[in-house]
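This is protein.txt. It holds compact mmCIF, C-alpha atoms.
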```
# COMPACT_ATOMS: atom_id res chain seq x y z
CA MET C 832 -11.47 -5.58 4.49
CA SER C 833 -12.26 -4.21 7.90
CA LEU C 834 -10.79 -4.76 11.28
CA PHE C 835 -13.30 -7.40 12.18
CA LEU C 836 -13.28 -10.51 10.05
CA THR C 837 -16.43 -12.42 9.24
CA PHE C 838 -17.15 -15.81 7.76
CA LEU C 839 -17.28 -15.45 3.99
CA TYR C 840 -19.43 -17.86 2.08
CA VAL C 841 -18.22 -18.04 -1.48
CA PHE C 842 -20.21 -19.31 -4.40
CA LEU C 843 -18.02 -18.88 -7.44
CA CYS C 844 -18.41 -20.40 -10.82
CA ASN C 845 -14.87 -20.08 -11.97
CA SER C 846 -11.17 -20.46 -11.38
CA VAL C 847 -8.77 -18.29 -13.34
CA SER C 848 -5.08 -18.17 -14.07
CA LEU C 849 -3.93 -15.24 -16.13
CA SER C 850 -0.64 -13.46 -16.41
CA SER C 851 0.40 -10.09 -17.73
CA SER C 852 3.09 -7.59 -16.86
CA LEU C 853 2.67 -4.20 -15.24
CA SER C 854 3.72 -2.29 -12.14
CA LEU C 855 1.63 0.71 -11.21
CA HIS C 856 0.72 3.24 -8.51
CA PHE C 857 -2.81 4.48 -7.79
CA PRO C 858 -4.62 7.21 -5.86
CA LEU C 859 -6.24 6.13 -2.61
CA THR C 860 -8.96 7.55 -0.43
CA SER C 861 -10.32 6.01 2.71
CA LEU C 862 -13.48 4.91 4.44
CA ARG C 863 -14.04 3.70 7.97
CA LEU C 864 -15.82 0.38 7.83
CA THR C 865 -18.04 -1.20 10.43
CA PRO C 866 -16.57 -3.96 12.61
CA THR C 867 -18.67 -6.62 10.89
CA THR C 868 -17.66 -5.85 7.29
CA ASN C 869 -14.73 -7.87 5.96
CA THR C 870 -13.28 -9.70 3.01
CA THR C 871 -11.11 -12.27 4.77
CA SER C 872 -12.61 -15.50 6.01
CA SER C 873 -11.77 -18.91 7.26
CA LEU C 874 -13.99 -20.50 4.62
CA GLN C 875 -12.40 -18.48 1.84
CA THR C 876 -9.04 -19.52 3.23
CA SER C 877 -9.84 -23.21 2.86
CA LEU C 878 -11.27 -22.77 -0.63
CA LEU C 879 -8.61 -20.58 -2.23
CA SER C 880 -5.66 -22.85 -1.74
CA ARG C 881 -3.62 -22.73 -4.94
CA ARG C 882 -0.23 -21.07 -5.09
CA ASN C 883 0.44 -18.46 -7.73
CA PRO C 884 3.48 -18.18 -9.97
CA SER C 885 5.95 -15.51 -8.90
CA PRO C 886 5.36 -12.25 -10.76
CA SER C 887 8.19 -11.02 -12.93
CA SER C 888 9.81 -7.65 -12.33
CA THR C 889 8.69 -4.68 -14.39
CA PRO C 890 10.20 -1.24 -14.93
CA TYR C 891 7.11 0.70 -13.88
CA SER C 892 6.77 2.52 -10.57
CA PHE C 893 3.91 4.86 -9.71
CA ARG C 894 3.15 6.82 -6.57
CA SER C 895 0.09 8.54 -5.16
CA ASN C 896 -1.35 9.80 -1.89
CA PHE C 897 -4.29 8.33 -0.01
CA LYS C 898 -6.57 9.33 2.81
CA TYR C 899 -6.77 7.02 5.79
CA SER C 900 -9.53 6.35 8.28
CA MET C 901 -8.84 2.69 8.98
CA ALA C 902 -9.85 1.34 5.55
CA LEU C 903 -7.82 2.08 2.41
CA ILE C 904 -9.83 2.92 -0.68
CA LEU C 905 -8.11 3.08 -4.05
CA SER C 906 -9.50 5.06 -6.96
CA LEU C 907 -8.66 2.90 -9.97
CA PRO C 908 -9.06 3.66 -13.69
CA ILE C 909 -10.91 0.71 -15.22
CA GLY C 910 -12.17 0.07 -18.75
CA THR C 911 -11.94 1.80 -22.12
CA PRO C 912 -12.53 4.69 -21.85
CA VAL C 913 -11.63 4.87 -18.18
CA GLN C 914 -14.27 4.80 -15.47
CA THR C 915 -12.78 5.49 -12.03
CA GLN C 916 -13.80 2.94 -9.43
CA GLU C 917 -13.25 2.82 -5.67
CA LEU C 918 -11.86 -0.46 -4.38
CA VAL C 919 -10.70 -1.52 -0.93
CA LEU C 920 -7.02 -2.47 -0.92
CA ASP C 921 -7.03 -5.89 0.73
CA THR C 922 -3.93 -8.05 1.08
CA GLY C 923 -6.11 -10.69 2.71
CA SER C 924 -8.33 -11.54 -0.26
CA GLN C 925 -7.93 -12.81 -3.81
CA LEU C 926 -10.84 -12.07 -6.13
CA SER C 927 -11.19 -8.43 -7.14
CA TRP C 928 -14.68 -7.19 -7.83
CA ILE C 929 -16.19 -3.90 -8.88
CA GLN C 930 -19.62 -2.33 -8.50
CA CYS C 931 -21.46 -2.70 -11.81
CA HIS C 932 -24.80 -1.72 -13.26
CA ARG C 933 -26.56 -2.52 -16.49
CA LYS C 934 -28.71 -0.04 -18.39
CA LYS C 935 -31.89 -1.73 -17.31
CA LYS C 936 -31.17 -0.88 -13.68
CA ARG C 937 -30.93 2.47 -11.98
CA PRO C 938 -27.18 2.93 -11.52
CA PRO C 939 -25.46 3.92 -8.30
CA THR C 940 -23.52 7.11 -8.91
CA THR C 941 -20.11 5.45 -8.54
CA SER C 942 -20.70 2.10 -10.25
CA PHE C 943 -19.13 0.81 -13.44
CA ASP C 944 -21.22 0.76 -16.63
CA PRO C 945 -20.04 -2.17 -18.78
CA SER C 946 -21.90 -0.85 -21.84
CA LEU C 947 -19.55 2.14 -21.98
CA SER C 948 -16.36 0.06 -22.12
CA SER C 949 -15.06 -1.49 -25.33
CA SER C 950 -12.66 -3.76 -23.40
CA PHE C 951 -15.34 -5.37 -21.19
CA SER C 952 -16.55 -8.94 -21.67
CA ASP C 953 -18.61 -11.43 -19.65
CA LEU C 954 -17.48 -14.99 -19.01
CA PRO C 955 -20.11 -17.34 -20.43
CA CYS C 956 -20.80 -20.69 -18.83
CA SER C 957 -19.26 -22.33 -21.91
CA HIS C 958 -15.92 -20.67 -21.19
CA PRO C 959 -13.18 -23.18 -20.26
CA LEU C 960 -12.68 -21.34 -16.98
CA CYS C 961 -16.30 -21.89 -15.96
CA LYS C 962 -16.63 -25.54 -15.03
CA PRO C 963 -18.97 -27.43 -12.70
CA ARG C 964 -16.07 -28.41 -10.46
CA ILE C 965 -12.60 -26.96 -10.39
CA PRO C 966 -9.55 -27.66 -8.22
CA ASP C 967 -9.51 -24.29 -6.45
CA PHE C 968 -13.07 -24.41 -5.15
CA THR C 969 -15.05 -27.10 -3.39
CA LEU C 970 -18.44 -25.72 -4.42
CA PRO C 971 -20.04 -26.33 -7.84
CA THR C 972 -20.27 -23.49 -10.32
CA THR C 973 -23.54 -21.93 -11.36
CA CYS C 974 -24.91 -20.25 -14.45
CA ASP C 975 -27.40 -17.42 -14.44
CA SER C 976 -30.42 -17.14 -16.74
CA ASN C 977 -28.22 -15.60 -19.44
CA ARG C 978 -25.75 -18.52 -19.31
CA LEU C 979 -23.08 -16.37 -17.67
CA CYS C 980 -20.73 -17.40 -14.83
CA HIS C 981 -22.28 -16.24 -11.59
CA TYR C 982 -20.80 -15.66 -8.14
CA SER C 983 -22.30 -14.69 -4.78
CA TYR C 984 -20.58 -13.59 -1.57
CA PHE C 985 -22.65 -13.83 1.61
CA TYR C 986 -21.26 -12.48 4.89
CA ALA C 987 -22.19 -13.49 8.41
CA ASP C 988 -23.47 -9.99 9.17
CA GLY C 989 -26.03 -10.24 6.36
CA THR C 990 -24.14 -8.19 3.77
CA PHE C 991 -23.52 -9.64 0.33
CA ALA C 992 -22.24 -9.01 -3.18
CA GLU C 993 -23.16 -10.99 -6.27
CA GLY C 994 -22.90 -10.73 -10.01
CA ASN C 995 -20.99 -12.22 -12.94
CA LEU C 996 -17.35 -13.02 -13.51
CA VAL C 997 -16.02 -10.80 -16.28
CA LYS C 998 -12.85 -9.66 -18.02
CA GLU C 999 -11.80 -6.04 -17.93
CA LYS C 1000 -8.58 -4.10 -18.02
CA PHE C 1001 -7.12 -1.34 -15.89
CA THR C 1002 -6.19 1.57 -18.16
CA PHE C 1003 -3.74 3.96 -16.54
CA SER C 1004 -2.64 6.08 -19.51
CA ASN C 1005 -2.53 6.00 -23.28
CA THR C 1006 0.52 3.71 -23.12
CA GLN C 1007 -0.01 1.75 -19.90
CA SER C 1008 -2.74 -0.76 -19.26
CA THR C 1009 -3.17 -4.34 -18.15
CA PRO C 1010 -4.65 -6.96 -20.45
CA PRO C 1011 -8.19 -8.00 -19.48
CA LEU C 1012 -8.18 -9.49 -15.97
CA ILE C 1013 -10.74 -11.72 -14.31
CA LEU C 1014 -12.95 -9.66 -11.98
CA GLY C 1015 -16.27 -9.92 -10.28
CA CYS C 1016 -18.87 -7.52 -11.61
CA ALA C 1017 -21.38 -7.05 -8.78
CA ASP C 1018 -24.83 -5.84 -9.77
CA GLU C 1019 -26.26 -6.50 -6.30
CA SER C 1020 -24.40 -5.45 -3.16
CA THR C 1021 -24.98 -4.02 0.29
CA ASP C 1022 -21.71 -2.04 0.14
CA ASP C 1023 -20.80 0.80 -2.20
CA LYS C 1024 -17.12 -0.09 -2.66
CA GLY C 1025 -15.48 -2.95 -4.50
CA ILE C 1026 -12.41 -5.00 -3.55
CA LEU C 1027 -8.90 -5.09 -4.95
CA GLY C 1028 -7.64 -8.55 -3.98
CA MET C 1029 -3.89 -8.37 -3.34
CA ASN C 1030 -2.98 -11.73 -1.79
CA LEU C 1031 -0.79 -14.42 -3.36
CA GLY C 1032 -3.58 -16.24 -5.16
CA ARG C 1033 -3.48 -16.84 -8.90
CA ARG C 1034 -6.60 -14.73 -9.40
CA SER C 1035 -5.44 -11.74 -7.34
CA PHE C 1036 -4.64 -8.43 -8.99
CA VAL C 1037 -0.99 -8.89 -7.98
CA SER C 1038 -0.71 -12.20 -9.82
CA GLN C 1039 -2.82 -11.44 -12.87
CA ALA C 1040 -1.09 -8.10 -13.48
CA LYS C 1041 2.31 -9.55 -12.51
CA ILE C 1042 3.06 -6.90 -9.91
CA SER C 1043 6.56 -7.49 -8.54
CA LYS C 1044 6.07 -5.48 -5.35
CA PHE C 1045 3.84 -2.90 -3.73
CA SER C 1046 4.06 -0.80 -0.59
CA TYR C 1047 2.17 1.68 1.52
CA CYS C 1048 2.81 4.07 4.39
CA ILE C 1049 -0.20 4.52 6.67
CA PRO C 1050 -0.26 7.74 8.72
CA THR C 1051 -1.43 7.89 12.31
CA ARG C 1052 -5.12 8.37 12.67
CA SER C 1053 -6.38 11.85 13.47
CA ASN C 1054 -9.01 12.63 16.09
CA ARG C 1055 -9.83 15.95 14.44
CA PRO C 1056 -13.44 15.81 13.18
CA GLY C 1057 -13.64 15.78 9.41
CA PHE C 1058 -9.88 15.50 8.90
CA LEU C 1059 -8.39 12.46 7.22
CA PRO C 1060 -4.58 12.10 7.30
CA THR C 1061 -2.76 11.40 4.06
CA GLY C 1062 -0.35 8.55 3.34
CA SER C 1063 1.52 7.13 0.35
CA PHE C 1064 1.11 4.05 -1.82
CA TYR C 1065 3.31 2.46 -4.48
CA LEU C 1066 2.94 -0.31 -6.97
CA GLY C 1067 6.38 -1.22 -8.23
CA GLU C 1068 9.67 0.20 -6.99
CA ASN C 1069 9.69 2.40 -3.91
CA PRO C 1070 12.59 4.90 -3.73
CA ASN C 1071 12.55 4.63 0.08
CA SER C 1072 13.27 0.90 0.11
CA ARG C 1073 16.99 1.21 0.92
CA GLY C 1074 16.09 1.63 4.57
CA PHE C 1075 13.69 -1.32 4.73
CA LYS C 1076 14.35 -4.30 6.97
CA TYR C 1077 12.94 -7.53 5.58
CA VAL C 1078 11.56 -10.77 6.92
CA SER C 1079 11.08 -13.75 4.63
CA LEU C 1080 7.57 -14.97 4.03
CA LEU C 1081 6.71 -18.45 5.22
CA THR C 1082 5.72 -20.48 2.20
CA PHE C 1083 3.73 -23.68 1.98
CA PRO C 1084 3.89 -26.28 -0.79
CA GLU C 1085 0.72 -26.89 -2.73
CA SER C 1086 0.60 -30.40 -1.33
CA GLN C 1087 0.55 -29.04 2.23
CA ARG C 1088 -3.19 -28.66 2.70
CA MET C 1089 -4.24 -27.85 6.25
CA PRO C 1090 -7.80 -26.98 7.27
CA ASN C 1091 -6.95 -23.76 9.13
CA LEU C 1092 -4.13 -22.52 6.90
CA ASP C 1093 -4.41 -19.75 4.32
CA PRO C 1094 -1.49 -20.49 1.97
CA LEU C 1095 -2.26 -17.33 -0.04
CA ALA C 1096 -1.75 -14.90 2.86
CA TYR C 1097 1.42 -12.91 3.52
CA THR C 1098 2.57 -15.12 6.40
CA VAL C 1099 5.44 -13.77 8.49
CA PRO C 1100 7.63 -15.43 11.19
CA LEU C 1101 6.51 -13.58 14.32
CA LEU C 1102 8.65 -14.63 17.29
CA GLY C 1103 7.22 -12.75 20.24
CA ILE C 1104 5.43 -9.74 21.72
CA ARG C 1105 6.90 -7.16 24.07
CA ILE C 1106 5.02 -4.70 26.28
CA GLY C 1107 7.29 -2.02 27.66
CA PRO C 1108 10.62 -3.72 28.46
CA LYS C 1109 8.96 -7.07 29.18
CA ARG C 1110 8.91 -9.84 26.60
CA LEU C 1111 5.76 -11.82 27.24
CA ASN C 1112 6.02 -15.51 28.01
CA ILE C 1113 4.42 -16.72 24.79
CA PRO C 1114 5.90 -19.75 22.99
CA ALA C 1115 7.08 -18.82 19.49
CA SER C 1116 5.19 -21.87 18.20
CA VAL C 1117 1.92 -20.00 18.91
CA PHE C 1118 2.72 -17.67 16.00
CA ARG C 1119 3.40 -20.38 13.41
CA PRO C 1120 1.05 -22.89 11.80
CA ASP C 1121 0.62 -26.14 13.68
CA ALA C 1122 -0.23 -29.47 12.05
CA GLY C 1123 -3.75 -28.21 11.30
CA GLY C 1124 -2.63 -24.78 10.09
CA SER C 1125 -3.72 -22.87 13.20
CA GLY C 1126 -1.43 -20.11 14.41
CA GLN C 1127 -0.09 -18.58 11.21
CA THR C 1128 0.65 -14.85 11.45
CA MET C 1129 -0.38 -12.71 8.48
CA VAL C 1130 -0.01 -9.05 7.55
CA ASP C 1131 -3.40 -7.77 6.41
CA SER C 1132 -4.12 -4.30 5.06
CA GLY C 1133 -7.83 -5.06 5.08
CA SER C 1134 -8.14 -5.70 8.83
CA GLU C 1135 -8.27 -2.74 11.17
CA PHE C 1136 -7.40 -4.29 14.55
CA THR C 1137 -4.76 -6.93 15.17
CA HIS C 1138 -6.14 -10.30 16.28
CA LEU C 1139 -4.33 -13.00 18.25
CA VAL C 1140 -5.01 -16.64 18.99
CA ASP C 1141 -6.20 -17.34 22.53
CA VAL C 1142 -2.83 -18.27 24.09
CA ALA C 1143 -1.21 -15.04 22.89
CA TYR C 1144 -4.23 -12.88 23.60
CA GLU C 1145 -4.50 -14.08 27.18
CA LYS C 1146 -0.84 -13.26 27.85
CA VAL C 1147 -1.25 -9.74 26.42
CA LYS C 1148 -4.40 -9.16 28.46
CA GLU C 1149 -2.75 -10.55 31.58
CA GLU C 1150 -0.01 -7.93 31.32
CA VAL C 1151 -2.47 -5.11 30.57
CA VAL C 1152 -4.54 -6.12 33.60
CA ARG C 1153 -1.41 -6.17 35.76
CA LEU C 1154 -0.52 -2.65 34.66
CA VAL C 1155 -3.89 -0.90 34.43
CA GLY C 1156 -6.49 -3.47 35.40
CA SER C 1157 -8.44 -1.14 37.67
CA ARG C 1158 -9.14 1.19 34.75
CA LEU C 1159 -10.53 -1.40 32.34
CA LYS C 1160 -14.11 -0.84 31.23
CA LYS C 1161 -16.09 -3.67 32.79
CA ASP C 1162 -18.34 -5.97 30.77
CA TYR C 1163 -17.47 -4.20 27.53
CA VAL C 1164 -16.40 -5.89 24.31
CA TYR C 1165 -15.84 -3.91 21.14
CA GLY C 1166 -16.79 -5.63 17.91
CA ALA C 1167 -17.30 -8.93 19.77
CA THR C 1168 -13.53 -9.50 19.95
CA ALA C 1169 -11.72 -6.71 21.86
CA ASP C 1170 -12.22 -6.33 25.60
CA MET C 1171 -9.16 -4.31 26.66
CA CYS C 1172 -11.00 -0.99 26.61
CA PHE C 1173 -11.15 2.13 28.74
CA ASP C 1174 -13.51 5.01 29.43
CA GLY C 1175 -12.36 8.59 29.58
CA ASN C 1176 -10.54 11.22 27.58
CA ASN C 1177 -6.98 10.49 28.63
CA PRO C 1178 -5.80 7.57 26.48
CA VAL C 1179 -2.23 8.91 26.40
CA GLU C 1180 -1.95 8.52 30.18
CA ILE C 1181 -3.17 4.92 30.02
CA GLY C 1182 -0.81 4.24 27.14
CA ARG C 1183 2.06 5.66 29.21
CA LEU C 1184 1.22 3.29 32.05
CA ILE C 1185 1.14 0.29 29.70
CA GLY C 1186 4.19 1.18 27.61
CA ASP C 1187 5.23 0.52 24.04
CA LEU C 1188 3.96 -2.57 22.24
CA ALA C 1189 6.29 -4.46 19.91
CA PHE C 1190 5.85 -7.40 17.55
CA GLU C 1191 9.27 -9.05 17.23
CA PHE C 1192 10.48 -10.90 14.14
CA GLY C 1193 14.17 -11.38 14.92
CA ARG C 1194 17.35 -9.89 13.43
CA GLY C 1195 16.32 -6.49 14.76
CA VAL C 1196 13.09 -6.39 12.77
CA GLU C 1197 10.02 -5.38 14.72
CA ILE C 1198 6.78 -3.44 14.49
CA LEU C 1199 6.85 -0.91 17.32
CA VAL C 1200 3.61 0.70 18.48
CA GLU C 1201 4.58 3.65 20.64
CA LYS C 1202 2.69 4.11 23.90
CA GLN C 1203 1.16 7.44 22.93
CA ARG C 1204 -0.81 5.76 20.13
CA LEU C 1205 -1.40 2.42 21.80
CA LEU C 1206 -5.12 3.01 22.33
CA VAL C 1207 -7.62 3.35 19.50
CA ASN C 1208 -10.62 5.66 19.71
CA VAL C 1209 -13.69 3.51 19.00
CA GLY C 1210 -16.22 6.24 19.74
CA ASN C 1211 -18.42 7.39 22.61
CA GLY C 1212 -15.43 8.21 24.76
CA VAL C 1213 -14.09 4.64 24.67
CA HIS C 1214 -10.52 3.73 23.73
CA CYS C 1215 -9.27 0.16 23.23
CA VAL C 1216 -5.95 -1.56 22.86
CA GLY C 1217 -6.11 -2.38 19.15
CA ILE C 1218 -6.05 -6.14 19.67
CA GLY C 1219 -8.91 -8.62 19.51
CA ARG C 1220 -9.32 -12.34 20.04
CA SER C 1221 -9.17 -14.36 16.79
CA SER C 1222 -11.34 -17.17 18.09
CA MET C 1223 -14.26 -14.76 18.43
CA LEU C 1224 -14.05 -14.33 14.66
CA GLY C 1225 -14.08 -18.05 14.10
CA ALA C 1226 -10.48 -17.68 12.93
CA ALA C 1227 -7.40 -19.62 14.01
CA SER C 1228 -4.78 -17.10 12.84
CA ASN C 1229 -2.82 -14.15 14.16
CA ILE C 1230 -3.60 -11.10 12.03
CA ILE C 1231 -1.55 -7.91 12.11
CA GLY C 1232 -4.09 -5.23 11.24
CA ASN C 1233 -3.51 -1.83 9.71
CA VAL C 1234 -3.88 -0.04 13.05
CA HIS C 1235 -0.48 -1.53 13.92
CA GLN C 1236 1.02 -0.66 10.55
CA GLN C 1237 0.80 3.09 11.09
CA ASN C 1238 3.90 5.24 10.59
CA LEU C 1239 5.60 2.37 8.79
CA TRP C 1240 6.55 1.66 5.25
CA VAL C 1241 5.25 -1.84 4.61
CA GLU C 1242 6.50 -3.41 1.37
CA PHE C 1243 5.26 -6.68 -0.07
CA ASP C 1244 8.12 -7.89 -2.24
CA VAL C 1245 6.28 -10.65 -4.07
CA THR C 1246 9.13 -11.65 -6.35
CA ASN C 1247 11.55 -12.23 -3.47
CA ARG C 1248 8.89 -13.58 -1.09
CA ARG C 1249 9.52 -11.12 1.72
CA VAL C 1250 7.92 -8.22 3.60
CA GLY C 1251 9.85 -5.09 4.48
CA PHE C 1252 9.28 -2.57 7.26
CA SER C 1253 10.73 0.85 7.94
CA LYS C 1254 9.70 3.51 10.43
CA ALA C 1255 8.45 6.71 8.80
CA GLU C 1256 6.42 9.85 9.35
CA CYS C 1257 3.85 8.82 6.78
CA SER C 1258 1.77 12.00 6.78
CA ARG C 1259 4.85 14.07 5.90
CA LEU C 1260 5.82 11.85 2.99
CA SER C 1261 2.64 12.71 1.11
CA THR C 1262 3.20 16.47 1.06
```

What would you get if you wrote out this structure as structure tokens?
Amino acid sequence: MSLFLTFLYVFLCNSVSLSSSLSLHFPLTSLRLTPTTNTTSSLQTSLLSRRNPSPSSTPYSFRSNFKYSMALILSLPIGTPVQTQELVLDTGSQLSWIQCHRKKKRPPTTSFDPSLSSSFSDLPCSHPLCKPRIPDFTLPTTCDSNRLCHYSYFYADGTFAEGNLVKEKFTFSNTQSTPPLILGCADESTDDKGILGMNLGRRSFVSQAKISKFSYCIPTRSNRPGFLPTGSFYLGENPNSRGFKYVSLLTFPESQRMPNLDPLAYTVPLLGIRIGPKRLNIPASVFRPDAGGSGQTMVDSGSEFTHLVDVAYEKVKEEVVRLVGSRLKKDYVYGATADMCFDGNNPVEIGRLIGDLAFEFGRGVEILVEKQRLLVNVGNGVHCVGIGRSSMLGAASNIIGNVHQQNLWVEFDVTNRRVGFSKAECSRLST
């Protein structure tokens, strides 16, 4: 859920497979997360390995604006009556979970109170979905002292979230709501936001609510203190989609289990990387899964920076060093993964010397990062090329982060197994 991925240790007591039908659009706000906070992990990848059925199309389409400061936060109406909850939109994770409190505990101001919702229910350990061992998880399930299904997330940076698996619905209006969906209800957490899991897993919000497609347009980040630019988000049909250019998702059969592959990610066929007019000498095979699953390229709304496997990263850095090597900040690594950084207050000049950055998919489809926004302000007068090294995360994947999805419509067409891109002035679309 942030730019920097961490190992995620998952202790879940359940596997779920629900289906319903709805297509919706929610308000979003934003929050800048620390480099060590994340919801995507190599361990989660190996555990959550079941494919989901393709969602059916629905007639609903809803639009709202969001604020952006590198992490997308949705304000979602949950329960009956509605309690608005803030969840991180994360295309790289599956299980959705909300901040909860019970009456016996002092509630955080933004947490969900289950006692106020008539549509809320816990999953008991006797529930068929709560079994000691299930196909989707390699770890045994656990029951708490109240005989309820219990889960715990522990992150490498020491943060965690734990609670019970529950059922609750998203209520959007008097006539539009989902049936009860499986969620995590965290009563202990080091973060104050929940997660909206939007990957291809059977327990994701997309699959359980049968969302056919969703899209967002992330504006460029502002350096004005206190100002957060506004973008747009859709669940369901997007009226701008006529101009989208699509690439087909790479899909993997359920029988194709590879230790480093996340079959639930939105995996795209990246072919190459261009800096300025020069296409870097990187074999296309580096961007696709090898026999062990290493090398897949995924589009992740929950990661801030883009991360590349070592072969690709070294070629990018080699070109940056050739162009502006004398200006690189020595012995500096941001977030333990990104070392193409610069001191000073003139990032536009350095970007001009480097040139545009492009991720090429073929058939004229590319993600173009223009030179004037190539560098990312990471604070204290330091600007970095928004690319880190995946291996420093313990990951074996290429991850296109949201910093390289700015000023683009990005549509996840789940039904047709494709991702669409279209250049846009995202901040203007929200007015």

Pick from C:Gly1166, C:Glu1201, C:Glu1145, C:Leu1101, whichever lies nearest to Gly1182 in chain C using all atoms listed in the file =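 Under the stated criterion, the closest residue is C:Glu1201.
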
Rounded to one decimal in Å, what is the spacing between CA of Asp1162 in chain C and CA of His1214 in chain C?
->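 Going from CA of Asp1162 in chain C over to CA of His1214 in chain C covers 14.3 Å.
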
Computed interatomic separation between CA of Phe893 in chain C and CA of Glu1068 in chain C (Å) =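 Interatomic distance, CA of Phe893 in chain C to CA of Glu1068 in chain C: 7.9 Å.
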
Can you tell me, as a ChimeraX atom specification, what residues are no more than 10 Å from Val1234 in chain C when counting all atoms listed in the file, ignoring any on the same chain fewer than 5 positions away?
-> /C:834,900-902,1049-1052,1132,1134-1137,1200,1204-1207,1217-1218

Measuring atom to atom with all atoms listed in the file, identify which of C:Glu1085, C:Asp1131, C:Asp1170, C:Asp1018 is nearest to Leu903 in chain C.
->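 Of C:Glu1085, C:Asp1131, C:Asp1170, C:Asp1018, the one nearest Leu903 in chain C is C:Asp1131, counting all atoms listed in the file.
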
Distance CA of Lys998 in chain C-CA of Thr922 in chain C, one decimal place?
->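 Interatomic distance, CA of Lys998 in chain C to CA of Thr922 in chain C: 21.1 Å.
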
Restricting the calculation to all atoms listed in the file, which member of C:Cys980, C:Gly1251, C:Arg1088, C:Gly1195 is positioned closest to Pro959 in chain C?
-> C:Cys980

Find the residues around Lys1160 in chain C up to 12 Å (only C-alpha atoms counted), leave out those fewer than 2 positions away in its own chain, and share them as a PyMOL selection string.
-> chain C and resi 1152+1155-1158+1162-1165+1169-1175+1212-1216
